[in-house]
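Listing of entry_34.txt; format and content: compact mmCIF, C-alpha atoms and all ligand atoms.
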# COMPACT_ATOMS: atom_id res chain seq x y z
CA MET A 1 0.00 0.00 0.00
CA THR A 2 1.33 3.46 -0.75
CA GLY A 3 1.30 6.18 1.86
CA SER A 4 -0.70 9.35 2.00
CA GLY A 5 2.08 11.86 1.51
CA ALA A 6 0.38 12.64 -1.78
CA LYS A 7 -3.03 13.02 -0.13
CA VAL A 8 -1.90 15.87 2.10
CA THR A 9 -3.39 18.83 0.28
CA GLY A 10 -2.13 21.60 2.52
CA LEU A 11 -1.40 23.04 5.93
CA LYS A 12 -3.68 25.54 7.67
CA CYS A 13 -2.60 27.96 10.39
CA MET A 14 -4.54 27.53 13.63
CA LYS A 15 -4.22 31.22 14.40
CA CYS A 16 -4.66 33.26 11.21
CA GLY A 17 -6.31 30.58 9.07
CA ARG A 18 -3.88 30.99 6.16
CA GLU A 19 -3.34 27.89 4.05
CA TYR A 20 -0.03 26.72 2.64
CA SER A 21 0.88 24.01 0.20
CA PRO A 22 2.77 21.09 1.81
CA GLY A 23 6.21 22.08 0.51
CA GLU A 24 5.79 25.78 1.24
CA VAL A 25 6.53 25.79 4.98
CA THR A 26 8.61 23.60 7.24
CA TYR A 27 7.04 23.87 10.68
CA THR A 28 4.83 26.76 11.88
CA CYS A 29 3.06 29.61 10.05
CA PRO A 30 5.64 32.19 8.90
CA SER A 31 3.34 35.13 9.82
CA CYS A 32 2.32 33.85 13.27
CA GLY A 33 5.62 32.25 14.33
CA LEU A 34 5.55 29.60 17.06
CA ASP A 35 1.95 30.52 17.84
CA GLY A 36 0.89 29.57 14.33
CA ILE A 37 0.73 25.79 14.67
CA LEU A 38 -0.49 24.19 11.45
CA ASP A 39 -3.22 21.66 10.80
CA VAL A 40 -2.61 18.98 8.17
CA LEU A 41 -5.32 18.91 5.48
CA TYR A 42 -6.18 15.86 3.36
CA ASP A 43 -8.19 15.08 0.29
CA TYR A 44 -10.75 12.93 2.10
CA HIS A 45 -12.32 11.84 -1.15
CA GLU A 46 -8.99 10.26 -2.11
CA VAL A 47 -8.54 8.83 1.38
CA SER A 48 -11.94 7.15 1.27
CA ARG A 49 -10.88 5.27 -1.86
CA GLU A 50 -8.11 3.57 0.14
CA LEU A 51 -9.68 3.32 3.56
CA SER A 52 -12.98 1.66 4.43
CA ARG A 53 -14.54 0.01 7.45
CA GLU A 54 -14.59 -3.32 5.63
CA GLY A 55 -10.95 -2.98 4.57
CA LEU A 56 -9.92 -2.18 8.13
CA ALA A 57 -11.92 -5.05 9.57
CA ALA A 58 -10.09 -7.40 7.19
CA SER A 59 -6.65 -5.89 7.81
CA ASN A 60 -4.06 -7.99 9.60
CA GLU A 61 -1.73 -5.04 10.23
CA ASP A 62 -1.50 -5.02 14.03
CA SER A 63 -0.06 -1.51 14.33
CA HIS A 64 -1.28 2.00 13.66
CA TRP A 65 0.05 1.77 10.12
CA ARG A 66 -3.30 0.12 9.32
CA TYR A 67 -4.42 3.76 8.91
CA LEU A 68 -1.64 4.63 6.45
CA PRO A 69 -3.88 6.59 4.04
CA LEU A 70 -4.46 9.07 6.89
CA ILE A 71 -0.86 9.21 8.06
CA PRO A 72 1.39 11.72 6.29
CA VAL A 73 4.34 9.55 5.34
CA GLY A 74 5.23 8.51 1.84
CA SER A 75 5.76 4.85 2.51
CA ARG A 76 5.37 2.31 5.31
CA GLU A 77 8.96 1.26 4.60
CA SER A 78 10.28 4.62 5.91
CA ALA A 79 8.97 3.83 9.38
CA PRO A 80 11.31 2.27 11.96
CA SER A 81 10.72 -1.42 12.62
CA LEU A 82 9.26 -0.99 16.13
CA ARG A 83 5.60 -1.94 16.35
CA VAL A 84 3.41 0.99 17.36
CA GLY A 85 -0.26 1.33 18.23
CA TRP A 86 -3.10 -1.23 18.12
CA THR A 87 -2.91 -1.27 21.90
CA PRO A 88 -5.57 -3.01 24.03
CA LEU A 89 -8.87 -1.42 25.00
CA TYR A 90 -9.72 -3.12 28.29
CA SER A 91 -13.28 -3.58 29.46
CA GLY A 92 -15.02 -5.38 32.27
CA THR A 93 -12.85 -3.94 35.02
CA GLY A 94 -15.86 -3.17 37.22
CA LEU A 95 -14.18 0.13 38.08
CA LEU A 96 -16.35 3.00 39.36
CA GLY A 97 -19.50 0.94 38.85
CA LEU A 98 -19.48 1.77 35.15
CA PRO A 99 -20.28 -1.31 33.05
CA ASN A 100 -19.26 0.44 29.85
CA LEU A 101 -15.90 1.78 30.97
CA PHE A 102 -12.92 1.11 28.69
CA ILE A 103 -9.24 1.71 29.39
CA LYS A 104 -7.01 2.31 26.41
CA ASP A 105 -3.61 1.11 27.57
CA ASP A 106 -1.07 3.02 25.51
CA SER A 107 1.74 2.17 27.89
CA LEU A 108 2.03 -0.98 25.76
CA ASN A 109 3.77 0.88 22.97
CA PRO A 110 7.46 0.05 22.37
CA THR A 111 8.90 2.77 24.62
CA ALA A 112 5.92 2.58 27.00
CA SER A 113 3.96 5.72 26.19
CA LEU A 114 1.47 7.12 23.70
CA LYS A 115 4.26 9.35 22.35
CA ASP A 116 5.40 6.49 20.12
CA ARG A 117 2.47 7.14 17.82
CA ALA A 118 3.76 10.64 17.05
CA THR A 119 7.42 9.68 17.03
CA SER A 120 6.96 6.91 14.51
CA VAL A 121 5.51 9.45 12.07
CA GLY A 122 8.17 12.06 12.88
CA VAL A 123 11.05 9.65 12.41
CA ALA A 124 9.58 8.24 9.18
CA ARG A 125 9.30 11.78 7.79
CA ALA A 126 12.82 12.66 8.97
CA VAL A 127 14.11 9.54 7.15
CA GLU A 128 12.20 10.51 3.99
CA GLU A 129 13.63 14.03 4.18
CA GLY A 130 17.17 12.69 4.67
CA ALA A 131 17.61 14.46 8.05
CA SER A 132 21.10 14.18 9.54
CA ALA A 133 19.76 14.13 13.12
CA ILE A 134 16.52 14.57 15.08
CA ALA A 135 15.99 16.56 18.26
CA ALA A 136 13.31 17.30 20.84
CA ALA A 137 12.65 18.83 24.20
CA SER A 138 10.77 16.52 26.49
CA THR A 139 9.39 16.05 29.97
CA GLY A 140 10.78 12.55 29.43
CA ASN A 141 8.43 10.42 27.35
CA ALA A 142 8.66 12.20 24.00
CA GLY A 143 12.43 12.06 24.43
CA SER A 144 12.64 8.39 25.27
CA SER A 145 10.24 7.65 22.47
CA LEU A 146 12.36 9.59 20.00
CA ALA A 147 15.52 7.98 21.31
CA GLY A 148 14.07 4.48 20.79
CA PHE A 149 12.74 5.11 17.31
CA ALA A 150 15.86 7.01 16.22
CA ALA A 151 17.94 4.06 17.41
CA ALA A 152 15.80 1.68 15.37
CA ALA A 153 16.12 3.95 12.33
CA ARG A 154 19.85 4.47 13.02
CA VAL A 155 19.54 8.28 13.00
CA PRO A 156 21.42 10.30 15.66
CA CYS A 157 19.24 12.19 18.14
CA PHE A 158 19.58 14.95 20.71
CA ILE A 159 17.21 15.27 23.65
CA PHE A 160 16.73 18.21 26.03
CA VAL A 161 15.12 17.27 29.36
CA PRO A 162 14.70 19.09 32.66
CA ALA A 163 17.55 17.85 34.89
CA ASP A 164 15.01 16.73 37.52
CA ALA A 165 13.09 14.40 35.14
CA PRO A 166 12.50 10.98 36.77
CA ARG A 167 15.66 8.85 36.60
CA PRO A 168 14.01 5.88 34.83
CA LYS A 169 13.10 8.17 31.95
CA ILE A 170 16.65 9.50 31.71
CA ALA A 171 18.01 5.94 31.93
CA GLN A 172 15.78 4.94 29.04
CA LEU A 173 17.12 7.80 26.90
CA LEU A 174 20.71 6.84 27.60
CA VAL A 175 20.14 3.14 26.95
CA TYR A 176 18.78 4.00 23.51
CA GLY A 177 22.02 5.88 22.84
CA ALA A 178 20.65 9.43 22.61
CA THR A 179 22.76 12.46 23.41
CA VAL A 180 20.94 13.79 26.46
CA PHE A 181 21.17 17.42 27.56
CA ALA A 182 19.93 17.65 31.17
CA VAL A 183 18.82 21.28 31.29
CA ASP A 184 19.18 23.20 34.53
CA GLY A 185 15.59 24.44 34.45
CA SER A 186 11.99 23.47 33.76
CA TYR A 187 10.49 21.69 30.74
CA ASP A 188 9.68 25.12 29.33
CA ASP A 189 13.37 26.12 29.59
CA ALA A 190 14.33 22.84 27.90
CA PHE A 191 11.84 23.58 25.11
CA ASP A 192 13.28 27.05 24.46
CA LEU A 193 16.87 25.78 24.48
CA ALA A 194 16.05 22.89 22.15
CA ALA A 195 14.41 25.33 19.71
CA LYS A 196 17.58 27.44 19.62
CA ALA A 197 19.85 24.41 19.13
CA ILE A 198 17.59 22.99 16.39
CA GLU A 199 17.78 26.31 14.57
CA ARG A 200 21.55 26.48 15.04
CA TYR A 201 22.31 22.92 13.82
CA GLY A 202 19.45 22.27 11.40
CA TRP A 203 18.29 19.11 13.19
CA TYR A 204 14.84 17.70 12.38
CA ASN A 205 12.36 18.95 15.01
CA ARG A 206 10.28 16.23 16.69
CA SER A 207 8.27 18.65 18.83
CA CYS A 208 4.58 17.96 18.45
CA ALA A 209 3.75 21.58 19.07
CA VAL A 210 5.94 22.81 16.22
CA ASN A 211 6.03 20.03 13.65
CA PRO A 212 2.45 19.71 12.32
CA TYR A 213 2.85 16.10 11.23
CA LEU A 214 3.38 14.68 14.70
CA VAL A 215 -0.22 15.15 15.90
CA GLU A 216 -1.17 13.03 12.88
CA GLY A 217 0.44 10.10 14.67
CA LYS A 218 -1.39 10.80 17.92
CA LYS A 219 -4.79 10.81 16.25
CA THR A 220 -4.50 7.09 15.52
CA VAL A 221 -5.42 6.36 19.14
CA ALA A 222 -8.90 7.72 18.36
CA PHE A 223 -9.15 5.59 15.20
CA GLU A 224 -8.33 2.50 17.23
CA ILE A 225 -10.91 3.29 19.91
CA CYS A 226 -13.62 3.58 17.24
CA GLU A 227 -12.58 0.37 15.56
CA GLN A 228 -12.24 -1.57 18.82
CA LEU A 229 -15.76 -0.48 19.78
CA GLY A 230 -17.08 -1.83 16.47
CA PHE A 231 -17.03 1.53 14.64
CA ARG A 232 -19.02 3.24 17.36
CA ALA A 233 -17.95 6.42 19.08
CA PRO A 234 -18.00 6.31 22.88
CA ASP A 235 -20.03 8.95 24.71
CA ARG A 236 -17.03 10.48 26.43
CA VAL A 237 -13.26 10.22 26.33
CA PHE A 238 -11.06 11.42 29.21
CA VAL A 239 -7.64 12.67 28.09
CA PRO A 240 -4.67 13.96 30.14
CA VAL A 241 -3.47 17.40 28.98
CA GLY A 242 0.01 18.94 29.19
CA ASP A 243 1.03 20.76 26.02
CA GLY A 244 -2.29 19.72 24.49
CA CYS A 245 -0.91 17.67 21.58
CA ILE A 246 -2.59 14.40 22.58
CA MET A 247 -5.94 16.15 22.95
CA SER A 248 -5.44 17.85 19.55
CA GLY A 249 -4.74 14.48 17.97
CA VAL A 250 -7.62 12.72 19.70
CA TYR A 251 -10.08 15.33 18.43
CA LYS A 252 -8.68 15.17 14.90
CA GLY A 253 -8.90 11.39 14.85
CA PHE A 254 -12.55 11.29 15.84
CA ALA A 255 -13.42 14.20 13.54
CA GLU A 256 -11.79 12.47 10.57
CA PHE A 257 -13.61 9.19 11.20
CA GLU A 258 -16.87 11.13 11.45
CA ARG A 259 -16.09 12.88 8.19
CA LEU A 260 -15.39 9.58 6.48
CA GLY A 261 -18.71 8.25 7.78
CA PHE A 262 -17.04 5.58 9.95
CA ILE A 263 -18.73 6.89 13.14
CA GLU A 264 -21.83 9.01 13.64
CA ARG A 265 -20.48 11.70 15.93
CA VAL A 266 -17.42 12.91 17.79
CA PRO A 267 -17.53 11.95 21.48
CA GLU A 268 -17.41 14.57 24.22
CA LEU A 269 -13.76 15.07 25.05
CA VAL A 270 -12.83 15.83 28.65
CA GLY A 271 -9.35 17.26 29.12
CA VAL A 272 -7.82 16.63 32.53
CA GLN A 273 -5.00 18.75 33.95
CA ALA A 274 -3.26 18.73 37.31
CA GLU A 275 -4.46 21.42 39.71
CA GLY A 276 -0.85 22.62 39.99
CA CYS A 277 -0.59 23.18 36.23
CA ASP A 278 -3.86 24.10 34.56
CA PRO A 279 -3.29 26.86 31.98
CA VAL A 280 -5.19 25.01 29.24
CA LYS A 281 -8.23 24.63 31.49
CA VAL A 282 -8.10 28.32 32.41
CA ALA A 283 -7.83 29.35 28.75
CA PHE A 284 -10.77 27.06 27.92
CA ASP A 285 -13.00 28.29 30.75
CA THR A 286 -12.26 31.99 30.26
CA GLU A 287 -12.21 31.82 26.45
CA ARG A 288 -9.10 33.97 26.59
CA GLU A 289 -5.49 33.56 25.43
CA MET A 290 -3.50 31.09 27.49
CA VAL A 291 -1.53 32.59 30.40
CA PRO A 292 1.56 30.54 31.34
CA CYS A 293 1.92 29.40 34.95
CA GLU A 294 4.58 27.96 37.25
CA ALA A 295 4.05 24.18 37.01
CA CYS A 296 3.89 22.23 40.26
CA THR A 297 2.56 18.66 40.11
CA VAL A 298 3.62 15.07 40.72
CA ALA A 299 2.57 14.37 37.13
CA ASP A 300 5.83 15.46 35.51
CA SER A 301 4.72 14.53 31.99
CA ILE A 302 1.93 17.11 32.08
CA ALA A 303 3.91 19.75 33.98
CA ALA A 304 3.87 22.11 31.01
CA GLY A 305 3.52 25.62 32.47
CA HIS A 306 3.66 27.11 28.99
CA PRO A 307 1.61 24.67 26.95
CA ARG A 308 2.41 25.02 23.26
CA ASN A 309 -0.60 23.45 21.64
CA TRP A 310 -3.33 24.90 23.86
CA ARG A 311 -5.14 26.58 20.97
CA LYS A 312 -5.60 23.36 19.00
CA ALA A 313 -6.48 21.43 22.16
CA THR A 314 -9.13 23.89 23.40
CA ARG A 315 -10.62 24.13 19.92
CA GLY A 316 -10.96 20.34 19.83
CA VAL A 317 -12.56 20.14 23.26
CA ARG A 318 -15.01 22.92 22.36
CA LYS A 319 -15.96 21.42 19.01
CA SER A 320 -16.61 18.09 20.70
CA GLY A 321 -18.98 19.75 23.19
CA GLY A 322 -16.64 18.63 25.97
CA SER A 323 -14.98 20.31 28.92
CA MET A 324 -11.75 20.73 30.87
CA MET A 325 -11.22 19.83 34.53
CA THR A 326 -8.46 19.52 37.11
CA VAL A 327 -7.48 16.92 39.69
CA THR A 328 -5.16 17.16 42.67
CA ASP A 329 -1.89 15.29 43.03
CA ASP A 330 -3.50 13.15 45.74
CA GLU A 331 -6.28 12.21 43.34
CA ILE A 332 -3.68 11.28 40.72
CA LEU A 333 -1.78 9.07 43.18
CA ALA A 334 -5.02 7.43 44.28
CA ALA A 335 -5.85 6.76 40.63
CA ILE A 336 -2.48 5.02 40.14
CA ALA A 337 -3.26 2.71 43.06
CA GLU A 338 -6.83 2.03 41.90
CA LEU A 339 -5.84 1.26 38.29
CA GLY A 340 -3.14 -1.07 39.54
CA ARG A 341 -5.23 -2.93 42.12
CA ALA A 342 -8.52 -3.14 40.29
CA ALA A 343 -7.43 -3.46 36.67
CA GLY A 344 -3.81 -4.64 36.69
CA VAL A 345 -2.80 -1.52 34.79
CA PHE A 346 0.38 0.25 35.94
CA ALA A 347 0.32 3.96 35.15
CA GLU A 348 2.74 6.81 35.68
CA PRO A 349 1.13 9.91 37.25
CA ALA A 350 0.22 11.58 33.94
CA GLY A 351 -0.97 8.22 32.67
CA ALA A 352 -3.40 7.94 35.59
CA THR A 353 -4.61 11.53 35.34
CA ALA A 354 -7.50 10.86 32.96
CA PHE A 355 -8.75 8.10 35.25
CA ALA A 356 -8.43 10.47 38.21
CA GLY A 357 -10.59 12.91 36.24
CA LEU A 358 -13.24 10.29 35.53
CA THR A 359 -13.25 9.22 39.19
CA LYS A 360 -13.93 12.82 40.22
CA ALA A 361 -16.60 13.30 37.55
CA VAL A 362 -18.39 10.12 38.70
CA ARG A 363 -18.19 11.26 42.33
CA GLU A 364 -19.77 14.57 41.34
CA GLY A 365 -22.58 12.78 39.51
CA LYS A 366 -21.52 14.06 36.10
CA VAL A 367 -21.32 10.67 34.37
CA GLY A 368 -24.36 8.47 33.71
CA ARG A 369 -24.06 4.77 34.59
CA ASP A 370 -24.97 3.71 31.07
CA GLU A 371 -22.49 5.94 29.31
CA THR A 372 -19.73 4.41 27.25
CA VAL A 373 -16.60 6.04 28.60
CA VAL A 374 -13.00 5.65 27.47
CA VAL A 375 -10.04 6.65 29.61
CA LEU A 376 -6.68 7.18 27.94
CA MET A 377 -3.82 5.64 29.89
CA THR A 378 -0.81 7.27 28.31
CA GLY A 379 2.35 6.12 30.05
CA SER A 380 3.79 3.23 32.10
CA GLY A 381 4.26 3.32 35.86
CA LEU A 382 7.76 1.90 35.39
CA LYS A 383 8.76 5.37 34.16
CA ASP A 384 8.41 6.89 37.62
CA THR A 385 8.82 4.35 40.37
CA GLU A 386 9.21 6.99 43.07
CA SER A 387 5.67 8.25 42.49
CA ALA A 388 4.50 4.65 42.22
CA MET A 389 5.83 3.97 45.71
CA ARG A 390 4.08 7.10 47.01
CA ALA A 391 0.85 5.78 45.51
CA ALA A 392 1.19 2.18 46.60
CA GLY A 393 2.71 2.23 50.08
CA GLU A 394 5.47 0.02 51.47
CA PRO A 395 6.08 -3.76 51.46
CA VAL A 396 5.66 -5.82 54.63
CA PRO A 397 9.06 -6.33 56.34
CA VAL A 398 9.66 -9.93 57.51
CA GLY A 399 12.58 -11.99 58.78
CA ARG A 400 13.65 -15.31 57.25
CA ASP A 401 11.32 -17.64 59.18
CA LEU A 402 7.83 -18.78 58.30
CA SER A 403 6.77 -17.62 61.77
CA ASP A 404 7.56 -14.05 60.67
CA VAL A 405 5.14 -14.43 57.77
CA GLU A 406 2.53 -16.01 60.08
CA ALA A 407 2.81 -13.11 62.51
CA ALA A 408 2.51 -10.60 59.68
CA VAL A 409 -0.53 -12.36 58.16
CA LYS A 410 -2.21 -12.45 61.62
CA LYS A 411 -1.57 -8.75 62.07
CA MET A 412 -2.98 -7.98 58.63
CA ALA A 413 -6.10 -10.08 59.32
CA ALA A 414 -6.66 -8.25 62.62
CA GLY A 415 -6.17 -4.93 60.82
CA SER A 416 -8.73 -5.77 58.14
CA ARG A 417 -11.25 -6.94 60.83
CA GLU A 418 -10.90 -3.57 62.57
CA ASN A 419 -11.57 -1.77 59.31
C1 LIG B 1 2.34 9.92 29.80
C2 LIG B 1 1.88 11.23 29.25
N1 LIG B 1 0.59 11.55 29.39
C3 LIG B 1 0.12 12.73 28.94
C4 LIG B 1 0.95 13.65 28.31
C5 LIG B 1 0.37 14.95 27.86
O1 LIG B 1 0.42 15.11 26.49
P1 LIG B 1 0.38 16.54 25.80
O2 LIG B 1 1.63 17.25 26.28
O3 LIG B 1 0.38 16.26 24.38
O4 LIG B 1 -0.83 17.22 26.30
C6 LIG B 1 2.29 13.35 28.15
C7 LIG B 1 3.21 14.30 27.51
O5 LIG B 1 4.40 14.27 27.72
C8 LIG B 1 2.77 12.10 28.61
O6 LIG B 1 4.06 11.75 28.48
ZN ZN B 2 -0.78 32.16 10.85
Would it be possible to restate this file's structure as structure tokens?
Amino acid sequence: MTGSGAKVTGLKCMKCGREYSPGEVTYTCPSCGLDGILDVLYDYHEVSRELSREGLAASNEDSHWRYLPLIPVGSRESAPSLRVGWTPLYSGTGLLGLPNLFIKDDSLNPTASLKDRATSVGVARAVEEGASAIAAASTGNAGSSLAGFAAAARVPCFIFVPADAPRPKIAQLLVYGATVFAVDGSYDDAFDLAAKAIERYGWYNRSCAVNPYLVEGKKTVAFEICEQLGFRAPDRVFVPVGDGCIMSGVYKGFAEFERLGFIERVPELVGVQAEGCDPVKVAFDTEREMVPCEACTVADSIAAGHPRNWRKATRGVRKSGGSMMTVTDDEILAAIAELGRAAGVFAEPAGATAFAGLTKAVREGKVGRDETVVVLMTGSGLKDTESAMRAAGEPVPVGRDLSDVEAAVKKMAAGSREN
């Protein structure tokens, strides 16, 4: 099957609405600068000749490349060999008393986060463009994702992370052989520095908020949800929001499937931010320009005080008839524990944030029992074991004798009787 590079008809600026032909601009709108993030436009008539519900149902491609006609790469062969997407949609967890609750576990991507969807597209395009190296700023996951895919494609890569990013994420970057710059500052500082270095050295930019093609990878999670539900849209989808790129992609995915007639409507999208970092929610609620904030949350992956893709994200939420909400760090940690214990799903803090949002919405009576609800789980708990320990508590200390275990079991039984 050929790719859809040819079906991309143009790029449209989110801010001023100007349209460009695909070869005319590299990243953002020349008149609006970094604020002018572009939307990728397709010839949907052409796409519908290559993509159909029946064709998808018969496809044995167990990765997100099953949607190739809607992914802006020239050829499947340009993509690194790592398998990406087609992750499980779990049901029947009994969680929150919702019989139609589904958990989309995107931690089962090759580098253990949803970012792999975007990276696979970015790296494929970089390969097609003959880039000498690829670079990105990252709170950790986009970086480790890029490092993994760049390794598989044998392209050098440079990653800028805040020096205090969780150690497992930094370890992952180094194992994949990336050059890692640990920036003495926040994610926002790392982003600004990466932008300057990319400009200086001409590296290919993997940032989702700058490179318009990356969100095209993220949207495949929405395609999969529709397909896994039998080409039905859920009623609501809960999505964690940092920079807003995942939310932008999720909206675009559902909107494209609606446009192609594969589903009847776009579900209500609920964006969930941490209380200590909620500039996208504030921009959405006030209908004003986003005002950056000082980020302070346990969910490092969504600690984006200056979210870059807020405009696209809030537009998507609004068009879907959805809303934005916040949860506290305690609610996020509780969600990690609940997902682990009740569903066997191990999430990092940002990965559990959407579930924390749903938990709060159910508590406040905002979700009907019969609704079909999907929660996006975006990153593995193995990425941040310190937070995992905060969420899960401590092991039971015992000596080497069976009597130690017996004493501990007795104590636990007494404890549970008291409760
Ligand atoms: C695990 C995880 N969840 C959620 C997000 C938020 O995504 P976005 O910044 O696109 O809003 C990120 C981003 O780094 C992430 O790594
Ligand atoms: Zn513009």
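Considering all atoms listed in the file, the residues that reside within 7 Å of ligand LIG 1 (chain B) can be listed as Ser113, Leu114, Lys115, Ser138, Thr139, Gly140, Asn141, Ala142, Pro240, Val241, Gly242, Asp243, Gly244, Cys245, Ile246, Met247, Ser301, Ile302, Glu348, Ala350, Gly351, Thr378 and Gly379 of chain A.
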Report task. Write out as a list in words which residues come within 7 Å of Gly322 of chain A when counting only C-alpha atoms, dropping same-chain ones fewer than 2 positions away. Result -> Glu268, Leu269, Val270, Val317, Arg318 and Ser320 of chain A
May I have the residues within 10 Å of Leu214 of chain A as a short mmCIF file (atom, residue, chain, number, x, y, z; two decimals) with C-alpha atoms, in the coordinates of the input, using all atoms listed in the file and disregarding those fewer than 5 positions away in the same chain?
data_model
loop_
_atom_site.label_atom_id
_atom_site.label_comp_id
_atom_site.auth_asym_id
_atom_site.auth_seq_id
_atom_site.Cartn_x
_atom_site.Cartn_y
_atom_site.Cartn_z
CA VAL A 40 -2.61 18.98 8.17
CA ILE A 71 -0.86 9.21 8.06
CA PRO A 72 1.39 11.72 6.29
CA LYS A 115 4.26 9.35 22.35
CA ARG A 117 2.47 7.14 17.82
CA ALA A 118 3.76 10.64 17.05
CA THR A 119 7.42 9.68 17.03
CA SER A 120 6.96 6.91 14.51
CA VAL A 121 5.51 9.45 12.07
CA GLY A 122 8.17 12.06 12.88
CA VAL A 123 11.05 9.65 12.41
CA ARG A 125 9.30 11.78 7.79
CA ASN A 205 12.36 18.95 15.01
CA ARG A 206 10.28 16.23 16.69
CA SER A 207 8.27 18.65 18.83
CA CYS A 208 4.58 17.96 18.45
CA ALA A 209 3.75 21.58 19.07
CA LYS A 219 -4.79 10.81 16.25
CA CYS A 245 -0.91 17.67 21.58
CA ILE A 246 -2.59 14.40 22.58
CA GLY A 249 -4.74 14.48 17.97
#
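Separating atom CA of Met412 of chain A from atom CA of Ala335 of chain A is a distance of 23.4 Å.
Taking only C-alpha atoms and all ligand atoms into account, every polymer residue with at least one atom at most 10 Å away from ligand ZN 2 (chain B) is listed here: Lys12, Cys13, Met14, Lys15, Cys16, Gly17, Arg18, Glu19, Tyr20, Thr28, Cys29, Pro30, Ser31, Cys32, Gly33, Leu34, Asp35, Gly36, Ile37 and Leu38 of chain A.
For the pair atom CA of Pro168 of chain A and atom CA of Phe191 of chain A, the separation is 20.3 Å.
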Requested in this report: To one decimal in Å, tell me the separation between atom CA of Pro267 of chain A and atom CA of Val298 of chain A.
Outcome: 28.8 Å
For segment 158-170 of chain A, which lacks atoms in the input, supply N, CA, C and O atoms and format the output as an mmCIF file, in the frame of the given file.
data_model
loop_
_atom_site.group_PDB
_atom_site.id
_atom_site.type_symbol
_atom_site.label_atom_id
_atom_site.label_comp_id
_atom_site.auth_asym_id
_atom_site.auth_seq_id
_atom_site.Cartn_x
_atom_site.Cartn_y
_atom_site.Cartn_z
ATOM 1 N N PHE A 158 19.184 14.075 19.609
ATOM 2 C CA PHE A 158 19.580 14.950 20.710
ATOM 3 C C PHE A 158 18.334 15.302 21.510
ATOM 4 O O PHE A 158 17.348 15.775 20.946
ATOM 5 N N ILE A 159 18.391 15.051 22.820
ATOM 6 C CA ILE A 159 17.210 15.270 23.650
ATOM 7 C C ILE A 159 17.515 16.278 24.766
ATOM 8 O O ILE A 159 18.552 16.177 25.435
ATOM 9 N N PHE A 160 16.608 17.215 24.961
ATOM 10 C CA PHE A 160 16.730 18.210 26.030
ATOM 11 C C PHE A 160 15.658 17.913 27.080
ATOM 12 O O PHE A 160 14.464 17.998 26.778
ATOM 13 N N VAL A 161 16.096 17.554 28.292
ATOM 14 C CA VAL A 161 15.120 17.270 29.360
ATOM 15 C C VAL A 161 15.429 18.143 30.575
ATOM 16 O O VAL A 161 16.582 18.525 30.799
ATOM 17 N N PRO A 162 14.393 18.420 31.396
ATOM 18 C CA PRO A 162 14.700 19.090 32.660
ATOM 19 C C PRO A 162 15.574 18.156 33.504
ATOM 20 O O PRO A 162 15.329 16.947 33.529
ATOM 21 N N ALA A 163 16.601 18.704 34.154
ATOM 22 C CA ALA A 163 17.550 17.850 34.890
ATOM 23 C C ALA A 163 16.845 17.022 35.958
ATOM 24 O O ALA A 163 17.333 15.954 36.339
ATOM 25 N N ASP A 164 15.678 17.486 36.455
ATOM 26 C CA ASP A 164 15.010 16.730 37.520
ATOM 27 C C ASP A 164 13.965 15.743 36.979
ATOM 28 O O ASP A 164 13.120 15.257 37.729
ATOM 29 N N ALA A 165 14.015 15.424 35.700
ATOM 30 C CA ALA A 165 13.090 14.400 35.140
ATOM 31 C C ALA A 165 13.342 13.087 35.884
ATOM 32 O O ALA A 165 14.467 12.820 36.308
ATOM 33 N N PRO A 166 12.290 12.248 36.059
ATOM 34 C CA PRO A 166 12.500 10.980 36.770
ATOM 35 C C PRO A 166 13.644 10.164 36.169
ATOM 36 O O PRO A 166 13.785 10.070 34.955
ATOM 37 N N ARG A 167 14.456 9.582 37.041
ATOM 38 C CA ARG A 167 15.660 8.850 36.600
ATOM 39 C C ARG A 167 15.338 7.720 35.610
ATOM 40 O O ARG A 167 16.087 7.517 34.658
ATOM 41 N N PRO A 168 14.257 6.952 35.815
ATOM 42 C CA PRO A 168 14.010 5.880 34.830
ATOM 43 C C PRO A 168 13.852 6.414 33.408
ATOM 44 O O PRO A 168 14.267 5.767 32.440
ATOM 45 N N LYS A 169 13.271 7.608 33.295
ATOM 46 C CA LYS A 169 13.100 8.170 31.950
ATOM 47 C C LYS A 169 14.454 8.558 31.356
ATOM 48 O O LYS A 169 14.719 8.338 30.174
ATOM 49 N N ILE A 170 15.322 9.125 32.195
ATOM 50 C CA ILE A 170 16.650 9.500 31.710
ATOM 51 C C ILE A 170 17.452 8.236 31.363
ATOM 52 O O ILE A 170 18.144 8.170 30.341
#
